>>> print(open('input.tsv').read())   # TSV, C-alpha atoms
chain	number	residue	atom	x	y	z
A	14	GLN	CA	-20.45	10.62	11.05
A	15	THR	CA	-18.58	12.05	8.06
A	16	SER	CA	-20.86	15.10	7.86
A	17	GLY	CA	-18.43	17.22	9.86
A	18	ALA	CA	-15.34	16.24	7.93
A	19	SER	CA	-12.78	18.45	6.28
A	20	PRO	CA	-10.66	17.60	3.24
A	21	ARG	CA	-7.69	17.75	5.56
A	22	ASP	CA	-9.12	15.12	7.86
A	23	ARG	CA	-8.65	12.34	5.32
A	24	LEU	CA	-11.72	10.69	6.76
A	25	HIS	CA	-12.03	7.06	5.86
A	26	PRO	CA	-15.66	5.97	5.51
A	27	SER	CA	-16.74	3.01	7.56
A	28	ARG	CA	-16.28	-0.46	6.22
A	29	THR	CA	-19.68	-0.51	4.64
A	30	MET	CA	-19.90	-1.88	0.42
A	31	THR	CA	-23.44	-4.94	-5.29
A	32	HIS	CA	-23.32	-8.33	-6.47
A	33	ALA	CA	-20.55	-9.06	-8.92
A	34	SER	CA	-18.33	-11.69	-10.36
A	35	ILE	CA	-15.81	-12.49	-7.69
A	36	SER	CA	-12.21	-12.27	-8.75
A	37	ALA	CA	-10.59	-14.17	-5.91
A	38	ARG	CA	-7.01	-13.68	-4.91
A	39	ILE	CA	-5.67	-17.07	-4.02
A	40	ALA	CA	-3.77	-17.13	-0.77
A	41	THR	CA	-0.43	-18.91	-0.72
A	42	PRO	CA	0.30	-21.42	2.07
A	43	ARG	CA	2.49	-19.90	4.71
A	44	ALA	CA	5.33	-22.34	4.18
A	45	ASP	CA	5.42	-21.57	0.46
A	46	LEU	CA	5.28	-17.85	1.15
A	47	GLU	CA	8.12	-18.01	3.63
A	48	ARG	CA	10.14	-20.15	1.23
A	49	SER	CA	9.57	-17.62	-1.52
A	50	ILE	CA	11.06	-14.76	0.49
A	51	LEU	CA	14.02	-16.64	1.91
A	52	PRO	CA	17.35	-15.69	0.29
A	53	ARG	CA	18.29	-18.17	-2.37
A	54	ARG	CA	21.83	-19.31	-3.07
A	55	SER	CA	23.19	-17.43	-6.04
A	56	SER	CA	24.74	-19.29	-8.92
A	57	ARG	CA	27.90	-17.38	-8.14
A	58	ALA	CA	28.06	-18.95	-4.68
A	59	ARG	CA	28.35	-22.56	-5.80
A	60	LEU	CA	30.95	-24.67	-4.04
A	61	PRO	CA	34.17	-25.21	-6.05
A	62	ARG	CA	34.41	-28.45	-7.95
A	63	ASP	CA	37.98	-28.98	-6.75
A	64	GLY	CA	37.70	-30.84	-3.46
A	65	ALA	CA	41.30	-29.98	-2.50
A	66	ARG	CA	40.57	-26.26	-2.78
A	67	THR	CA	37.51	-26.63	-0.60
A	68	THR	CA	39.51	-28.47	2.06
A	69	THR	CA	42.31	-25.90	1.95
A	70	GLU	CA	39.97	-23.01	2.50
A	71	HIS	CA	38.37	-24.92	5.38
A	72	SER	CA	41.79	-25.54	6.96
A	73	ARG	CA	42.78	-21.90	6.64
A	74	ARG	CA	39.68	-20.81	8.49
A	75	VAL	CA	40.21	-23.42	11.21
A	76	GLU	CA	43.84	-22.49	11.74
A	77	HIS	CA	43.06	-18.79	11.80
A	78	SER	CA	40.32	-19.31	14.38
A	79	ARG	CA	42.80	-21.19	16.60
A	80	GLY	CA	45.21	-18.29	16.54
A	81	ALA	CA	47.65	-19.94	14.16
A	82	GLY	CA	47.85	-16.83	12.00
A	83	THR	CA	48.57	-17.20	8.30
A	84	PRO	CA	48.77	-20.89	7.37
A	85	THR	CA	52.19	-22.13	6.24
A	86	ARG	CA	52.91	-24.28	3.22
A	87	ALA	CA	53.30	-27.31	5.49
A	88	SER	CA	49.95	-26.75	7.10
A	89	ARG	CA	48.37	-26.42	3.67
A	90	GLY	CA	49.99	-29.70	2.63
A	91	ALA	CA	48.63	-31.38	5.73
A	92	ALA	CA	45.25	-29.98	4.99
A	93	LEU	CA	45.29	-31.48	1.53
A	94	ALA	CA	45.82	-34.88	3.06
A	95	ARG	CA	42.75	-34.61	5.26
A	96	PRO	CA	39.35	-35.50	3.80
A	97	ALA	CA	36.80	-32.71	3.49
A	98	VAL	CA	34.20	-32.65	6.23
A	99	THR	CA	30.71	-31.82	5.03
A	100	GLU	CA	27.84	-30.84	7.27
A	101	PRO	CA	24.94	-33.31	7.16
A	102	SER	CA	22.02	-31.88	5.22
A	103	ARG	CA	18.60	-31.67	6.80
A	104	SER	CA	15.56	-33.09	5.15
A	105	ARG	CA	13.18	-30.71	3.41
A	106	SER	CA	10.36	-31.52	5.78
A	107	SER	CA	12.39	-30.51	8.83
A	108	VAL	CA	13.21	-27.16	7.24
A	109	ASP	CA	9.55	-26.58	6.49
A	110	ASP	CA	8.62	-27.44	10.05
A	111	GLU	CA	11.21	-25.02	11.37
A	112	ILE	CA	9.94	-22.23	9.11
A	113	GLU	CA	6.37	-22.91	10.17
A	114	SER	CA	7.36	-22.82	13.84
A	115	LEU	CA	9.29	-19.58	13.41
A	116	ALA	CA	6.41	-18.02	11.49
A	117	ASN	CA	4.00	-18.89	14.30
A	118	ALA	CA	6.40	-17.47	16.87
A	119	ARG	CA	6.72	-14.29	14.80
A	120	ASP	CA	2.94	-13.91	14.58
A	121	GLU	CA	2.57	-14.39	18.33
A	122	ALA	CA	5.31	-11.84	18.99
A	123	GLN	CA	3.67	-9.31	16.67
A	124	ALA	CA	0.31	-9.83	18.39
A	125	ALA	CA	1.95	-9.36	21.79
A	126	LEU	CA	3.65	-6.20	20.54
A	127	ARG	CA	0.37	-4.75	19.30
A	128	ALA	CA	-1.30	-5.53	22.62
A	129	ALA	CA	1.57	-3.88	24.52
A	130	GLN	CA	1.39	-0.80	22.29
A	131	ASP	CA	-2.35	-0.50	22.87
A	132	ALA	CA	-1.92	-0.85	26.60
A	133	TYR	CA	0.86	1.74	26.58
A	134	ALA	CA	-1.27	4.21	24.60
A	135	GLU	CA	-4.21	3.73	26.99
A	136	ALA	CA	-1.97	4.30	30.01
A	137	CYS	CA	-0.57	7.49	28.49
A	138	ALA	CA	-4.10	8.68	27.73
A	139	ARG	CA	-5.19	8.07	31.34
A	140	ARG	CA	-2.14	9.87	32.64
A	141	ASP	CA	-2.82	12.91	30.45
A	142	GLY	CA	-6.55	12.89	31.18
A	143	ARG	CA	-7.48	11.97	27.64
A	144	CYS	CA	-10.13	9.42	26.74
A	145	ALA	CA	-11.87	8.21	23.61
A	146	SER	CA	-14.69	10.41	22.39
A	147	ARG	CA	-18.27	9.25	22.61
A	148	SER	CA	-18.52	9.05	18.83
A	149	GLU	CA	-15.44	6.80	18.68
A	150	ASP	CA	-16.85	4.49	21.34
A	151	GLU	CA	-20.20	4.32	19.57
A	152	ALA	CA	-18.49	3.62	16.27
A	153	ASP	CA	-16.53	0.72	17.79
A	154	VAL	CA	-19.69	-0.77	19.29
A	155	LEU	CA	-21.61	-0.45	16.04
A	156	PHE	CA	-18.79	-1.92	14.00
A	157	ASN	CA	-18.30	-4.93	16.24
A	158	ALA	CA	-22.05	-5.59	16.12
A	159	SER	CA	-22.18	-5.22	12.33
A	160	PRO	CA	-22.84	-8.30	10.17
A	161	TYR	CA	-19.96	-7.11	7.95
A	162	VAL	CA	-17.30	-7.21	10.67
A	163	ASP	CA	-15.71	-10.37	9.19
A	164	VAL	CA	-16.09	-9.45	5.51
A	165	ARG	CA	-12.72	-9.47	3.75
A	166	CYS	CA	-12.91	-8.03	0.24
A	167	GLU	CA	-12.06	-4.99	-1.88
A	168	TYR	CA	-13.79	-3.19	-4.75
A	169	GLY	CA	-10.98	-1.41	-6.62
A	170	TYR	CA	-11.11	-1.45	-10.44
A	171	ILE	CA	-7.50	-0.39	-11.00
A	172	GLN	CA	-6.34	-2.95	-8.49
A	173	SER	CA	-8.22	-5.70	-10.34
A	174	ASN	CA	-6.11	-4.94	-13.44
A	175	ALA	CA	-2.79	-3.59	-12.22
A	176	GLY	CA	-2.59	-5.32	-8.84
A	177	LEU	CA	-0.89	-3.91	-5.72
A	178	TYR	CA	2.55	-4.15	-4.19
A	179	ILE	CA	1.01	-6.01	-1.23
A	180	ASP	CA	-0.09	-8.85	-3.55
A	181	VAL	CA	3.22	-10.66	-2.96
A	182	SER	CA	1.51	-13.71	-1.49
A	183	LYS	CA	-1.38	-13.63	-3.95
A	184	THR	CA	-1.65	-14.60	-7.60
A	185	ARG	CA	0.39	-11.65	-8.91
A	186	PRO	CA	3.98	-11.76	-7.60
A	187	PRO	CA	6.09	-8.61	-7.88
A	188	GLY	CA	8.56	-8.19	-10.67
A	189	VAL	CA	9.87	-5.90	-13.37
A	190	PRO	CA	7.12	-4.11	-15.32
A	191	ARG	CA	6.62	-5.12	-18.92
A	192	ASN	CA	7.37	-2.86	-21.86
A	193	ALA	CA	5.87	0.60	-21.33
A	194	LEU	CA	4.25	0.59	-24.78
A	195	GLU	CA	2.58	-2.73	-24.03
A	196	LEU	CA	1.30	-1.56	-20.66
A	197	ALA	CA	0.02	1.72	-22.12
A	198	THR	CA	-1.76	-0.10	-24.97
A	199	GLU	CA	-3.52	-2.49	-22.60
A	200	ASN	CA	-4.63	0.32	-20.33
A	201	PHE	CA	-5.77	2.53	-23.22
A	202	THR	CA	-7.85	-0.33	-24.64
A	203	ARG	CA	-9.57	-0.90	-21.29
A	204	GLU	CA	-10.22	2.78	-20.71
A	205	LEU	CA	-11.47	3.28	-24.29
A	206	ARG	CA	-14.18	0.66	-23.77
A	207	ALA	CA	-15.11	2.28	-20.47
A	208	MET	CA	-15.19	5.73	-22.07
A	209	ARG	CA	-17.56	4.55	-24.79
A	210	ALA	CA	-19.82	3.07	-22.13
A	211	PHE	CA	-19.73	6.33	-20.17
A	212	LEU	CA	-20.62	8.44	-23.23
A	213	SER	CA	-23.48	6.09	-24.08
A	214	GLY	CA	-24.79	6.16	-20.51
A	215	ASP	CA	-24.11	2.48	-19.83
A	216	ASP	CA	-22.93	2.06	-16.24
A	217	SER	CA	-22.94	-1.74	-16.18
A	218	VAL	CA	-19.73	-2.54	-18.09
A	219	PRO	CA	-16.25	-3.22	-16.71
A	220	GLY	CA	-14.56	0.02	-15.84
A	221	ASN	CA	-17.73	2.10	-15.76
A	222	GLY	CA	-19.88	0.94	-12.90
A	223	GLU	CA	-19.80	-2.85	-13.15
A	224	PRO	CA	-19.30	-4.13	-9.60
A	225	VAL	CA	-15.86	-5.51	-8.82
A	226	ILE	CA	-15.32	-7.70	-5.77
A	227	LEU	CA	-11.85	-8.96	-4.90
A	228	ALA	CA	-12.05	-11.62	-2.20
A	229	ASP	CA	-9.09	-12.68	-0.09
A	230	LYS	CA	-9.69	-16.36	-0.76
A	231	PRO	CA	-10.77	-18.48	-3.76
A	232	ASP	CA	-13.55	-20.46	-2.09
A	233	VAL	CA	-16.18	-17.84	-1.27
A	234	SER	CA	-19.47	-19.23	-0.02
A	235	PRO	CA	-22.82	-17.87	-1.27
A	236	THR	CA	-23.42	-16.31	2.14
A	237	GLU	CA	-20.08	-14.51	2.07
A	238	ALA	CA	-20.69	-13.33	-1.50
A	239	SER	CA	-24.05	-11.93	-0.47
A	240	LEU	CA	-22.50	-10.05	2.46
A	241	MET	CA	-19.82	-8.62	0.18
A	242	SER	CA	-22.50	-7.33	-2.19
A	243	GLU	CA	-24.59	-5.92	0.64
A	244	LEU	CA	-21.58	-4.14	2.05
A	245	ARG	CA	-20.91	-2.50	-1.31
A	246	ASP	CA	-24.56	-1.36	-1.46
A	247	ALA	CA	-24.26	0.09	2.04
A	248	LEU	CA	-21.19	2.10	1.00
A	249	ALA	CA	-23.26	3.76	-1.72
A	250	THR	CA	-25.56	5.23	0.95
A	251	LEU	CA	-22.86	7.32	2.65
A	252	THR	CA	-23.26	11.10	2.40
A	253	LEU	CA	-21.19	14.17	3.19
A	254	SER	CA	-22.11	17.76	4.10
A	255	ASN	CA	-20.29	20.50	2.18
A	256	ASP	CA	-21.61	23.16	4.57
A	257	ALA	CA	-20.22	21.30	7.57
A	258	ILE	CA	-16.83	20.96	5.86
A	259	TRP	CA	-16.57	24.71	5.20
A	260	ALA	CA	-17.79	25.50	8.72
A	261	ARG	CA	-14.97	23.44	10.20
A	262	GLU	CA	-12.51	24.98	7.76
A	263	ARG	CA	-13.44	28.49	8.88
A	264	ALA	CA	-13.30	27.49	12.56
A	265	ARG	CA	-9.70	26.36	12.32
A	266	PRO	CA	-6.72	28.71	12.66
A	267	GLU	CA	-5.64	29.85	9.24
A	268	VAL	CA	-2.36	28.42	7.99
A	269	PRO	CA	-0.12	31.21	6.64
A	270	ALA	CA	0.58	30.59	2.96
A	271	PRO	CA	1.27	32.75	-0.11
A	272	TRP	CA	-1.57	33.08	-2.58
A	273	ILE	CA	0.35	31.20	-5.25
A	274	ILE	CA	-0.11	28.13	-3.03
A	275	LYS	CA	-3.42	28.98	-1.38
A	276	ALA	CA	-5.28	29.82	-4.62
A	277	PRO	CA	-4.88	26.34	-6.18
A	278	TYR	CA	-5.92	24.78	-2.85
A	279	LEU	CA	-9.15	26.81	-2.65
A	280	ALA	CA	-9.83	26.15	-6.34
A	281	LEU	CA	-9.50	22.43	-5.66
A	282	CYS	CA	-11.92	22.61	-2.71
A	283	TYR	CA	-14.60	24.38	-4.76
A	284	PHE	CA	-13.96	21.95	-7.63
A	285	LEU	CA	-14.67	19.04	-5.29
A	286	ASP	CA	-17.98	20.56	-4.20
A	287	VAL	CA	-19.12	21.02	-7.80
A	288	VAL	CA	-17.89	17.81	-9.42
A	289	PHE	CA	-18.50	15.38	-6.55
A	290	PRO	CA	-21.94	15.81	-4.96
A	291	GLU	CA	-22.59	15.11	-1.31
A	292	ASN	CA	-23.83	11.58	-2.02
A	293	ARG	CA	-20.43	10.49	-3.45
A	294	PRO	CA	-17.97	10.93	-0.55
A	295	ILE	CA	-15.81	7.89	-1.32
A	296	GLN	CA	-15.28	8.97	-4.93
A	297	ARG	CA	-14.50	12.50	-3.72
A	298	PHE	CA	-11.88	11.36	-1.25
A	299	TRP	CA	-10.34	8.94	-3.78
A	300	PHE	CA	-9.93	11.81	-6.23
A	301	LEU	CA	-8.62	14.09	-3.47
A	302	GLU	CA	-5.91	11.60	-2.51
A	303	THR	CA	-4.68	11.33	-6.11
A	304	VAL	CA	-4.03	15.08	-5.96
A	305	ALA	CA	-2.75	15.11	-2.36
A	306	ARG	CA	0.30	13.04	-3.34
A	307	MET	CA	1.55	15.57	-5.86
A	308	PRO	CA	3.06	18.27	-3.60
A	309	TYR	CA	5.38	15.80	-1.88
A	310	PHE	CA	6.38	14.27	-5.20
A	311	SER	CA	7.08	17.78	-6.51
A	312	TYR	CA	9.15	18.68	-3.44
A	313	ASN	CA	11.38	15.65	-3.88
A	314	THR	CA	11.71	16.23	-7.62
A	315	MET	CA	12.84	19.84	-7.19
A	316	LEU	CA	15.20	19.04	-4.32
A	317	THR	CA	16.80	16.37	-6.50
A	318	VAL	CA	17.15	18.84	-9.37
A	319	TYR	CA	18.78	21.40	-7.05
A	320	GLU	CA	21.23	18.74	-5.88
A	321	LEU	CA	22.08	17.63	-9.41
A	322	LEU	CA	22.74	21.21	-10.48
A	323	GLY	CA	24.81	21.92	-7.38
A	324	TRP	CA	22.54	24.76	-6.23
A	325	TRP	CA	21.41	23.44	-2.85
A	326	ARG	CA	22.19	20.34	-0.78
A	327	ARG	CA	21.22	21.39	2.71
A	328	SER	CA	17.70	19.91	2.55
A	329	SER	CA	18.52	16.38	1.36
A	330	GLU	CA	17.19	14.92	4.60
A	331	LEU	CA	13.78	16.37	3.78
A	332	ARG	CA	13.49	14.02	0.83
A	333	ARG	CA	13.06	11.16	3.30
A	334	VAL	CA	10.32	13.10	5.10
A	335	HIS	CA	8.51	14.00	1.89
A	336	PHE	CA	8.66	10.40	0.69
A	337	ALA	CA	7.07	9.25	3.96
A	338	GLU	CA	4.36	11.88	3.53
A	339	GLU	CA	3.69	10.79	-0.06
A	340	TRP	CA	3.68	7.13	1.04
A	341	ASN	CA	1.06	8.00	3.65
A	342	GLU	CA	-1.15	9.74	1.07
A	343	TYR	CA	-0.71	6.79	-1.27
A	344	HIS	CA	-2.22	4.45	1.30
A	345	HIS	CA	-5.13	6.85	1.85
A	346	LEU	CA	-5.66	6.51	-1.90
A	347	LEU	CA	-5.56	2.71	-1.73
A	348	ILE	CA	-8.10	2.68	1.10
A	349	HIS	CA	-10.66	4.67	-0.89
A	350	GLU	CA	-9.85	2.71	-4.03
A	351	SER	CA	-10.57	-0.53	-2.17
A	352	LEU	CA	-13.95	0.96	-1.22
A	353	GLY	CA	-14.84	1.42	-4.91
A	354	GLY	CA	-13.81	5.03	-5.41
A	355	ASP	CA	-12.42	4.38	-8.90
A	356	ALA	CA	-15.33	2.37	-10.34
A	357	LEU	CA	-16.47	5.00	-12.91
A	358	TRP	CA	-14.47	6.04	-15.96
A	359	ARG	CA	-15.24	9.72	-15.33
A	360	ASP	CA	-13.68	9.65	-11.88
A	361	ARG	CA	-10.56	7.86	-13.10
A	362	PHE	CA	-10.16	10.32	-15.97
A	363	LEU	CA	-10.24	13.22	-13.53
A	364	GLY	CA	-8.04	11.36	-11.05
A	365	VAL	CA	-5.32	10.80	-13.67
A	366	HIS	CA	-5.23	14.24	-15.30
A	367	SER	CA	-5.99	16.64	-12.44
A	368	PRO	CA	-2.89	15.70	-10.38
A	369	LEU	CA	-0.67	16.42	-13.37
A	370	LEU	CA	-2.31	19.83	-13.79
A	371	TYR	CA	-2.13	20.53	-10.06
>>> encode(input="input.tsv", output="structure tokens")
Amino acid sequence: QTSGASPRDRLHPSRTMTHASISARIATPRADLERSILPRRSSRARLPRDGARTTTEHSRRVEHSRGAGTPTRASRGAALARPAVTEPSRSRSSVDDEIESLANARDEAQAALRAAQDAYAEACARRDGRCASRSEDEADVLFNASPYVDVRCEYGYIQSNAGLYIDVSKTRPPGVPRNALELATENFTRELRAMRAFLSGDDSVPGNGEPVILADKPDVSPTEASLMSELRDALATLTLSNDAIWARERARPEVPAPWIIKAPYLALCYFLDVVFPENRPIQRFWFLETVARMPYFSYNTMLTVYELLGWWRRSSELRRVHFAEEWNEYHHLLIHESLGGDALWRDRFLGVHSPLLY
């Protein structure tokens, strides 16, 4: 079904993926996850040690709420004579139960919202005379009947080392990056081993062809592991038609663009046909998405420079648009990375250096 695709389509191959050591990402219990994202009391917000001061502040708030205005010295003296009233603290278990209940209610509300959005979209489609294409319907039927419909895993090599921002509830919480020299040294050491394996023709080492499977849970059964490996093998059978891509490109209305922009685009398209054969569509699209992010990043960089220099400030709102566009391309990249698009050192080398050149 990807034979008629165009580089602009950002086609995402079906969820179809060899046996490997399983690096499981351990899921965090919901209560612990919710507790981890709740705002914590800062050390600056501790209650004063002086009980009289605490009572005074409480009295001022009470008097102000009753319309008394600014408290007088007499009212402050009376307040000092009254004992401080503290709110009874709830047990930890009750708080956990409340969080769990709210989390369940949130999940149910999100599910109801998704169902309402789907129903709304279907109603709009019926009103406008639009309906799902036959190929889309067939794809849904085939996917739901697939033995891989419940497989939950990823095959990204970079993700297995650097993690992802969505790993908040996994084994790698977010935080400040370590020293840049340390990060660069670690990455260079990994890539050097992979480069040596690539030059020697060994495609069974980490970073140059060794299968990577990242499961969404630590306790993966042998049956699940087998399905994960089979799915990765099935992904390797996907193909793409270069002729069909160019035929669709020529059939579309041409987008007006100066040659200084159009020439690099056409050069990139021909480069993809030469470097990534038709039997490597996932790797091709992974590489393409690394390059597709660059224009939006460049737009924002130059707009920021113009603003700093005082040349132009009328397009600042566009920086939000370009960030959203780059964020969208970034997730296209993550999708193809999760399908194993970055498994070979050669592809990663091109994917790192070509965007900088572009």
>>> closest_residue(input="input.tsv", among="A:Trp272, A:Phe362, A:Tyr343, A:Tyr178", to="Glu302 (chain A)", atoms="only C-alpha atoms")
A:Tyr343
>>> atom_distance(input="input.tsv", atom1="CA of Leu253 (chain A)", atom2="CA of Leu285 (chain A)")
11.8 Å
>>> atom_distance(input="input.tsv", atom1="CA of Asp141 (chain A)", atom2="CA of Ala264 (chain A)")
25.3 Å
>>> atom_distance(input="input.tsv", atom1="CA of Gly353 (chain A)", atom2="CA of Tyr170 (chain A)")
7.3 Å
>>> residues_around(input="input.tsv", residues="region 220-228 of chain A", least_positions_apart="3", cutoff="10 Å", atoms="only C-alpha atoms", output="CSV table (one decimal) with C-alpha atoms, in the coordinates of the input")
chain,number,residue,atom,x,y,z
A,30,MET,CA,-19.9,-1.9,0.4
A,31,THR,CA,-23.4,-4.9,-5.3
A,32,HIS,CA,-23.3,-8.3,-6.5
A,33,ALA,CA,-20.6,-9.1,-8.9
A,34,SER,CA,-18.3,-11.7,-10.4
A,35,ILE,CA,-15.8,-12.5,-7.7
A,36,SER,CA,-12.2,-12.3,-8.8
A,37,ALA,CA,-10.6,-14.2,-5.9
A,38,ARG,CA,-7.0,-13.7,-4.9
A,39,ILE,CA,-5.7,-17.1,-4.0
A,164,VAL,CA,-16.1,-9.4,5.5
A,165,ARG,CA,-12.7,-9.5,3.8
A,166,CYS,CA,-12.9,-8.0,0.2
A,167,GLU,CA,-12.1,-5.0,-1.9
A,168,TYR,CA,-13.8,-3.2,-4.8
A,169,GLY,CA,-11.0,-1.4,-6.6
A,170,TYR,CA,-11.1,-1.4,-10.4
A,171,ILE,CA,-7.5,-0.4,-11.0
A,172,GLN,CA,-6.3,-3.0,-8.5
A,173,SER,CA,-8.2,-5.7,-10.3
A,203,ARG,CA,-9.6,-0.9,-21.3
A,204,GLU,CA,-10.2,2.8,-20.7
A,205,LEU,CA,-11.5,3.3,-24.3
A,206,ARG,CA,-14.2,0.7,-23.8
A,207,ALA,CA,-15.1,2.3,-20.5
A,208,MET,CA,-15.2,5.7,-22.1
A,209,ARG,CA,-17.6,4.6,-24.8
A,210,ALA,CA,-19.8,3.1,-22.1
A,211,PHE,CA,-19.7,6.3,-20.2
A,214,GLY,CA,-24.8,6.2,-20.5
A,215,ASP,CA,-24.1,2.5,-19.8
A,216,ASP,CA,-22.9,2.1,-16.2
A,217,SER,CA,-22.9,-1.7,-16.2
A,231,PRO,CA,-10.8,-18.5,-3.8
A,232,ASP,CA,-13.6,-20.5,-2.1
A,233,VAL,CA,-16.2,-17.8,-1.3
A,237,GLU,CA,-20.1,-14.5,2.1
A,238,ALA,CA,-20.7,-13.3,-1.5
A,241,MET,CA,-19.8,-8.6,0.2
A,242,SER,CA,-22.5,-7.3,-2.2
A,245,ARG,CA,-20.9,-2.5,-1.3
A,351,SER,CA,-10.6,-0.5,-2.2
A,352,LEU,CA,-14.0,1.0,-1.2
A,353,GLY,CA,-14.8,1.4,-4.9
A,355,ASP,CA,-12.4,4.4,-8.9
A,356,ALA,CA,-15.3,2.4,-10.3
A,357,LEU,CA,-16.5,5.0,-12.9
A,358,TRP,CA,-14.5,6.0,-16.0
A,359,ARG,CA,-15.2,9.7,-15.3
A,360,ASP,CA,-13.7,9.6,-11.9
A,361,ARG,CA,-10.6,7.9,-13.1
>>> build_atoms(input="input.tsv", residues="region 113-126 of chain A", atoms="N, CA, C and O atoms", output="compact mmCIF listing (two decimals), in the coordinates of the input")
# COMPACT_ATOMS: atom_id res chain seq x y z
N GLU A 113 7.73 -23.04 9.65
CA GLU A 113 6.37 -22.91 10.17
C GLU A 113 6.38 -22.52 11.64
O GLU A 113 5.61 -21.65 12.08
N SER A 114 7.27 -23.14 12.42
CA SER A 114 7.36 -22.82 13.84
C SER A 114 7.81 -21.38 14.06
O SER A 114 7.27 -20.66 14.89
N LEU A 115 8.80 -20.95 13.28
CA LEU A 115 9.29 -19.58 13.41
C LEU A 115 8.23 -18.58 12.98
O LEU A 115 8.10 -17.50 13.57
N ALA A 116 7.47 -18.92 11.94
CA ALA A 116 6.41 -18.02 11.49
C ALA A 116 5.33 -17.86 12.57
O ALA A 116 4.83 -16.76 12.81
N ASN A 117 4.98 -18.97 13.22
CA ASN A 117 4.00 -18.89 14.30
C ASN A 117 4.53 -18.06 15.47
O ASN A 117 3.80 -17.25 16.06
N ALA A 118 5.80 -18.26 15.79
CA ALA A 118 6.40 -17.47 16.87
C ALA A 118 6.43 -15.99 16.51
O ALA A 118 6.20 -15.12 17.36
N ARG A 119 6.72 -15.69 15.24
CA ARG A 119 6.72 -14.29 14.80
C ARG A 119 5.35 -13.68 14.93
O ARG A 119 5.19 -12.55 15.40
N ASP A 120 4.31 -14.43 14.49
CA ASP A 120 2.94 -13.91 14.58
C ASP A 120 2.54 -13.65 16.03
O ASP A 120 1.89 -12.65 16.35
N GLU A 121 2.90 -14.57 16.91
CA GLU A 121 2.57 -14.39 18.33
C GLU A 121 3.30 -13.18 18.90
O GLU A 121 2.73 -12.40 19.69
N ALA A 122 4.56 -12.99 18.50
CA ALA A 122 5.31 -11.84 18.99
C ALA A 122 4.72 -10.53 18.48
O ALA A 122 4.64 -9.54 19.22
N GLN A 123 4.30 -10.52 17.22
CA GLN A 123 3.67 -9.31 16.67
C GLN A 123 2.36 -9.00 17.38
O GLN A 123 2.06 -7.84 17.66
N ALA A 124 1.57 -10.04 17.66
CA ALA A 124 0.31 -9.83 18.39
C ALA A 124 0.58 -9.30 19.79
O ALA A 124 -0.11 -8.39 20.27
N ALA A 125 1.60 -9.85 20.46
CA ALA A 125 1.95 -9.36 21.79
C ALA A 125 2.44 -7.92 21.74
O ALA A 125 2.13 -7.11 22.62
N LEU A 126 3.17 -7.57 20.69
CA LEU A 126 3.65 -6.20 20.54
C LEU A 126 2.49 -5.23 20.34
O LEU A 126 2.47 -4.15 20.96
